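S.K.: Structure incoming, see below.
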Amino acid sequence: MGRNLKTSELLERFYAGQTSATEEQELTGRLDEASAGDKALFRGLSGMRIPDENVPVPEDLYQMIERTVDRELGRRSGRMRLIASISAIGVAAAIAAVAFLTPLHIEEPADTFDNPEEAYAAVVEALGLIGQNLGKGMSFAAGNIRDAVRNTTDNLEDVMRKVNDKQ
């Protein structure tokens, strides 16, 4: 089969792991036709070849792998249980510390204004500032929405143009 194949085809089959020992010997003899990169790669890969293709596989290999995986998962789950327990204890301790350190007596806020007219003027001023900042935020958001709509429209038009070009 080998002599009727080109060197490049043999190399391709070799890289795919589809060559026989005879084809690989033929390829070794024809390496002068290959590129320097192919020569180096072929020599490196063929040097890693296992001489005896009938490597014995233990019959209980599947069970051995399964036991190893189960053992490793068991170790990890044990560690995870330990970490979860320590975390739960830490959270409980933090909640207890916060509950212990938080004062039980909560004072009512005191009035800041003695004069109702001053309080009214302060509320009007605060609402005016809120209105100004809300207006700035709304105009900024409207600009962002316009940009998003424009970008989305442009993208959809590009996609539709590409779809129509392919048809």
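By convention here, the chains of the structure tokens are called A, B, ... in the order presented, each chain's residues are numbered starting at 1, and ligands are numbered starting at 1 in the order presented.
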Can you list, as a PyMOL selection string, all residues belonging to range 83-135 of chain A that DSSP tags as helix (DSSP H, G or I)?
M.R.: chain A and resi 83-101+116-135
S.K.: Which distance in Å separates CA of Ala21 in chain A and CA of Arg43 in chain A, to one decimal?
M.R.: 14.1 Å
S.K.: Give me the residues within 10 Å of Lys6 in chain A as an MDAnalysis selection string, counting only C-alpha atoms and dropping any in the same chain fewer than 4 places off.
M.R.: chainID A and resid 2 10:12 27 30 33
S.K.: Just the selected residues (C-alpha atoms), exported as a PDB file, in the first residue's frame, please.
M.R.:
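Output (again-v9.pdb):
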```
ATOM      1  CA  GLY A   2       2.848   2.364   0.889  1.00  0.00           C
ATOM      2  CA  LEU A  10       2.176   9.083   4.417  1.00  0.00           C
ATOM      3  CA  LEU A  11       3.125  11.843   6.862  1.00  0.00           C
ATOM      4  CA  GLU A  12      -0.523  12.838   7.156  1.00  0.00           C
ATOM      5  CA  LEU A  27       8.475   6.799   5.426  1.00  0.00           C
ATOM      6  CA  ARG A  30      11.723   8.685   2.148  1.00  0.00           C
ATOM      7  CA  GLU A  33      11.572  14.314   0.405  1.00  0.00           C
TER       8      GLU A  33
END
```
S.K.: Smallest atom-to-atom distance to Asp38 in chain A: which of A:Phe14, A:Gly135, A:Asp60, A:Asn151, using only C-alpha atoms?
M.R.: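 Among the listed residues, the smallest separation from Asp38 in chain A belongs to A:Phe14.
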